[in-house]
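Here's the structure, in structure tokens; my notes come after.
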Amino acid sequence: MNQADQPQEAAPAKVSFYEKRKKIQAKSVRGFFDNWRIALVLFTQVIFYGGLWLEWNGRQAILFHLVERKFYIFGLVFWPQDVIYLAALLIISAYALFLVTAVAGRLFCGYACPQTVYTEMYMWIENLVEGDRNARMKLDKAPPSGRKFALRGTKYLLWTALGLWSGFTLVGYFTPVKELINNVLTNSLGPWEAFWIFFYGGFMILMAGFLREQVCKYMCPYARFQSVMFDPDTLIITYDPERGEQRGARKKGVDAKAAGLGDCVDCGQCVNVCPTGIDIRNGLQYECIGCAACIDVCDQVMDKVGLPRGLIRYSTENALAQHLSRKEIMAHIVRPRIMLYTAILIIICGLCTWFLAHRIPLKLDIIRDRSVLARETDDGRIENLYLLQIMNTEERPHRYKITVDGLEGAEIAGDSEFEVAAASLQGFNTAVRVQPDAGKSGANTIHFNIVATDNPEIALREKASFLLPR
């Protein structure tokens, strides 16, 4: 065998682990689910942009004032010591997300996720300036021209305006908005205020204007672990292959059933309207955000060809396999997993509501004077000094009376009533005196009792230590 007849080794194949992005120009569609999405976009943004301007008790109704270290939410005032409520809010949000996902898949992603909401808003601007899908695709392929530059420049200008306004709104929840407006008008923005306005606005333009589906497909962790929260009875957007296959266009005068065709006319509209560019007919995919645009457009196509709606619909794996009716699907929603999530959510919400309703608008920190542990007064008694930090969390001033117990004859030397302004923290120096034989040598436990003179229900009892010399 000569060298020419010997088998040649195949050249190593090059494998790319990065898929080059194909720009998606999603087609606009109107329908039942799109109307819900529009309603939720408007609802969430009215809250976000409008909540900034609400007033309560002569101040901003919703304000997370970082400088003062106070969070105002209508009539409630939260301090750093109330961080437990933030933890509870995060737990409630997590369980609510688990519950919604177990019941109806990525419903949150398709209708209320900030990435979806802002992408939708940026696409509205894009449609308004550049036109529908076909017009945008033509513009992408068109050579540079004055018209193309004007359209793209107008779009980017509007995108920038919306991004900066959103950044301003976000910062306005942390810096009083009137103060922020004055800072902008006088060009005296603080470095962090300016940073967050431009940072948030810039990232909003990047994420919602340019990256779009890339965020949902590659950056959002929710897409990766959603399958863990799904089960065969989770409502998801599904294509019915038994009804739809074989796909093909329907010709006039030809019996589609006799020709072996299903209801899917293979128009490709479900792909054209998908914001992540997937084909729902290939089954459940992690890229699907559950926006239901494919359902709206497929129902319209079915109406045009005279076929029943629901070729693409909300259903479950069990429903497709067992041909369950809508009533049977709803019956399968109430299952142990859903009941567990619901019970936990109700318990946590109930506890948080109870604690909020019974929250005492008063906090007391007791700090011993460490420079003088104990000293003897002129009348022979032993005195300890304390710094009382009284926090009035209500938005009206209170006068508080303080007493002490725990050692026989313990009393406060000097003034025992203190006035604290509304929603403020004030410190007061006080001294506690007892007889030398009132307790054991060393540390003794005493209690400070503080009560509002105008409302006996506002009261606290805090423990401290009293040192008696050996």
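Residues are named by chain letter and number: chains run A, B, ... in the order of the structure tokens, numbers start at 1 in each chain, and ligands are numbered from 1 in the order shown.
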Which of stretch 211-282 of chain A fall in strand (DSSP E or B), as number ranges by chain: A: 236-239
As a PDB file with N, CA, C and O atoms, in the first residue's frame, please: the residues near stretch 39-53 of chain A (cut-off 7 Å, only C-alpha atoms, same-chain neighbours under 4 positions excluded).
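See selection38.pdb below for the written result:
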```
ATOM      1  N   ASN A  35     -53.146  42.845  26.132  1.00  0.00           N
ATOM      2  CA  ASN A  35     -53.856  43.892  26.876  1.00  0.00           C
ATOM      3  C   ASN A  35     -53.541  43.805  28.371  1.00  0.00           C
ATOM      4  O   ASN A  35     -53.391  44.832  29.040  1.00  0.00           O
ATOM      5  N   GLN A  60     -42.764  63.685  51.868  1.00  0.00           N
ATOM      6  CA  GLN A  60     -42.891  62.696  50.811  1.00  0.00           C
ATOM      7  C   GLN A  60     -43.440  61.401  51.396  1.00  0.00           C
ATOM      8  O   GLN A  60     -42.938  60.891  52.398  1.00  0.00           O
ATOM      9  N   ILE A  62     -43.460  58.245  50.322  1.00  0.00           N
ATOM     10  CA  ILE A  62     -42.550  57.103  50.251  1.00  0.00           C
ATOM     11  C   ILE A  62     -41.139  57.649  50.103  1.00  0.00           C
ATOM     12  O   ILE A  62     -40.792  58.206  49.065  1.00  0.00           O
ATOM     13  N   TYR A 111     -45.087  39.409  32.546  1.00  0.00           N
ATOM     14  CA  TYR A 111     -45.997  40.530  32.739  1.00  0.00           C
ATOM     15  C   TYR A 111     -45.493  41.613  33.692  1.00  0.00           C
ATOM     16  O   TYR A 111     -45.876  42.775  33.531  1.00  0.00           O
ATOM     17  N   ALA A 112     -44.683  41.273  34.680  1.00  0.00           N
ATOM     18  CA  ALA A 112     -44.340  42.267  35.700  1.00  0.00           C
ATOM     19  C   ALA A 112     -42.853  42.408  35.972  1.00  0.00           C
ATOM     20  O   ALA A 112     -42.469  43.306  36.725  1.00  0.00           O
ATOM     21  N   VAL A 117     -40.969  44.796  31.535  1.00  0.00           N
ATOM     22  CA  VAL A 117     -41.721  46.049  31.524  1.00  0.00           C
ATOM     23  C   VAL A 117     -40.963  47.134  30.762  1.00  0.00           C
ATOM     24  O   VAL A 117     -41.514  47.801  29.883  1.00  0.00           O
ATOM     25  N   THR A 169     -36.039  59.358  39.053  1.00  0.00           N
ATOM     26  CA  THR A 169     -37.134  58.873  39.897  1.00  0.00           C
ATOM     27  C   THR A 169     -36.618  57.933  40.972  1.00  0.00           C
ATOM     28  O   THR A 169     -37.025  58.024  42.137  1.00  0.00           O
ATOM     29  N   GLY A 172     -34.929  59.838  43.584  1.00  0.00           N
ATOM     30  CA  GLY A 172     -35.913  60.638  44.303  1.00  0.00           C
ATOM     31  C   GLY A 172     -36.589  59.904  45.436  1.00  0.00           C
ATOM     32  O   GLY A 172     -37.222  60.529  46.291  1.00  0.00           O
ATOM     33  N   TYR A 173     -36.465  58.571  45.474  1.00  0.00           N
ATOM     34  CA  TYR A 173     -36.995  57.811  46.597  1.00  0.00           C
ATOM     35  C   TYR A 173     -35.995  57.749  47.752  1.00  0.00           C
ATOM     36  O   TYR A 173     -36.347  57.309  48.849  1.00  0.00           O
TER      37      TYR A 173
END
```
Picked from stretch 133-201 of chain A by DSSP as helix (DSSP H, G or I), as a PyMOL selection string: chain A and resi 133-141+146-172+177-185+191-201
Contacts of stretch 101-148 of chain A with stretch 335-357 of chain A up to 12 Å, shortest pair per row, only C-alpha atoms, as a Markdown table:
```
| residue | atom | partner | partner_atom | distance |
| --- | --- | --- | --- | --- |
| A:Thr101 | CA | A:Ile338 | CA | 10.0 |
| A:Ala102 | CA | A:Ile338 | CA | 7.0 |
| A:Val103 | CA | A:Ile338 | CA | 7.2 |
| A:Ala104 | CA | A:Ile338 | CA | 11.0 |
```
Include C-alpha atoms and write out the residues we just selected as an mmCIF file, in the first residue's frame.
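part.cif written:
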```cif
data_model
loop_
_atom_site.group_PDB
_atom_site.id
_atom_site.type_symbol
_atom_site.label_atom_id
_atom_site.label_comp_id
_atom_site.auth_asym_id
_atom_site.auth_seq_id
_atom_site.Cartn_x
_atom_site.Cartn_y
_atom_site.Cartn_z
ATOM 1 C CA THR A 101 -44.139 29.817 39.386
ATOM 2 C CA ALA A 102 -45.486 26.500 40.655
ATOM 3 C CA VAL A 103 -49.017 27.472 39.594
ATOM 4 C CA ALA A 104 -48.460 29.300 36.307
#
```
Give one line per residue of stretch 31-128 of chain A that approaches stretch 278-287 of chain A to at most 12 Å, naming the two atoms of the closest pair and their distance in Å to one decimal, counting only C-alpha atoms; sort by chain then ascending residue number and deliver it as a Markdown table.
```
| residue | atom | partner | partner_atom | distance |
| --- | --- | --- | --- | --- |
| A:Gly105 | CA | A:Leu284 | CA | 10.7 |
| A:Arg106 | CA | A:Tyr286 | CA | 9.8 |
| A:Cys109 | CA | A:Glu287 | CA | 10.8 |
| A:Gly110 | CA | A:Glu287 | CA | 11.3 |
```
Near stretch 220-238 of chain A, 12 Å: stretch 257-321 of chain A residue rows, closest pairs, only C-alpha atoms, as a tab-separated table:
```
residue	atom	partner	partner_atom	distance
A:Cys270	CA	A:Thr238	CA	11.7
A:Asp279	CA	A:Thr238	CA	10.8
A:Ile280	CA	A:Thr238	CA	7.0
A:Arg281	CA	A:Thr238	CA	7.7
A:Asn282	CA	A:Thr238	CA	9.4
A:Gly283	CA	A:Thr238	CA	6.9
A:Leu284	CA	A:Thr238	CA	7.0
A:Gln285	CA	A:Ala223	CA	9.4
A:Tyr286	CA	A:Ala223	CA	5.7
A:Glu287	CA	A:Ala223	CA	6.9
A:Cys288	CA	A:Ala223	CA	8.4
A:Ile289	CA	A:Ala223	CA	8.1
A:Gly290	CA	A:Ile237	CA	6.5
A:Cys291	CA	A:Ile237	CA	8.8
A:Ala292	CA	A:Ile237	CA	6.9
A:Ala293	CA	A:Ile237	CA	10.0
A:Cys294	CA	A:Ile237	CA	8.7
A:Ile295	CA	A:Ile237	CA	7.9
A:Asp296	CA	A:Ile237	CA	11.4
A:Cys298	CA	A:Thr238	CA	11.8
A:Gly310	CA	A:Thr238	CA	9.4
A:Leu311	CA	A:Thr238	CA	8.3
A:Ile312	CA	A:Thr238	CA	5.6
A:Arg313	CA	A:Ile237	CA	5.6
A:Tyr314	CA	A:Ile237	CA	4.5
A:Ser315	CA	A:Leu235	CA	5.1
A:Thr316	CA	A:Leu235	CA	4.9
A:Glu317	CA	A:Pro232	CA	4.9
A:Asn318	CA	A:Pro232	CA	5.5
A:Ala319	CA	A:Asp233	CA	7.7
A:Leu320	CA	A:Thr238	CA	8.6
A:Ala321	CA	A:Pro232	CA	9.8
```
Neighbour list for A:Thr377 as a list in words, cut-off 12 Å, only C-alpha atoms, skip fewer than 4 positions in-chain: Arg381, Ile382, Glu383, Asn384, Ala413, Ala431, Val432, Arg433, Val434, Gln435 and Pro436 of chain A
Interatomic distance, atom CA of A:Val215 to atom CA of A:Thr116 (Å, one decimal):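 Separating atom CA of A:Val215 from atom CA of A:Thr116 is a distance of 9.9 Å.
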Residue neighbourhood stretch 361-375 of chain A, 8 Å, only C-alpha atoms, exclusion window fewer than 4 positions, as a list in words: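 Once the nearby chain positions are removed, what remains is Ile382, Glu383, Asn384, Leu385, Tyr386, Leu387, Leu388, Gln389, Ile390, Met391, Asn392, Thr393, Glu394, Ile458, Ala459, Leu460, Glu462, Ala464, Leu467, Leu468 and Pro469 of chain A.
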Polymer residues at most 10 Å from A:Gln300, only C-alpha atoms, same-chain spacing of 6 or more positions, as a list of chain:residue names: A:Val29, A:Arg30, A:Gly31, A:Cys294, A:Gly306, A:Leu307, A:Arg309
Residue contacts of A:Glu213 (10 Å, only C-alpha atoms) excluding same-chain residues fewer than 5 positions away, as number ranges by chain: A: 23-24, 115-116, 119, 207-208, 218-219, 274-277, 287-289
Among the residues A:Gln214, A:Gln81, A:Thr160, A:Thr154, the one that comes closest to A:Lys22 [using only C-alpha atoms]: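 Checking each of A:Gln214, A:Gln81, A:Thr160, A:Thr154 against A:Lys22, counting only C-alpha atoms, the winner is A:Gln214.
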Spatial neighbours of stretch 264-267 of chain A, max dist 6 Å, only C-alpha atoms, sep filter under 5 positions, as an MDAnalysis selection string: chainID A and resid 244 247:249
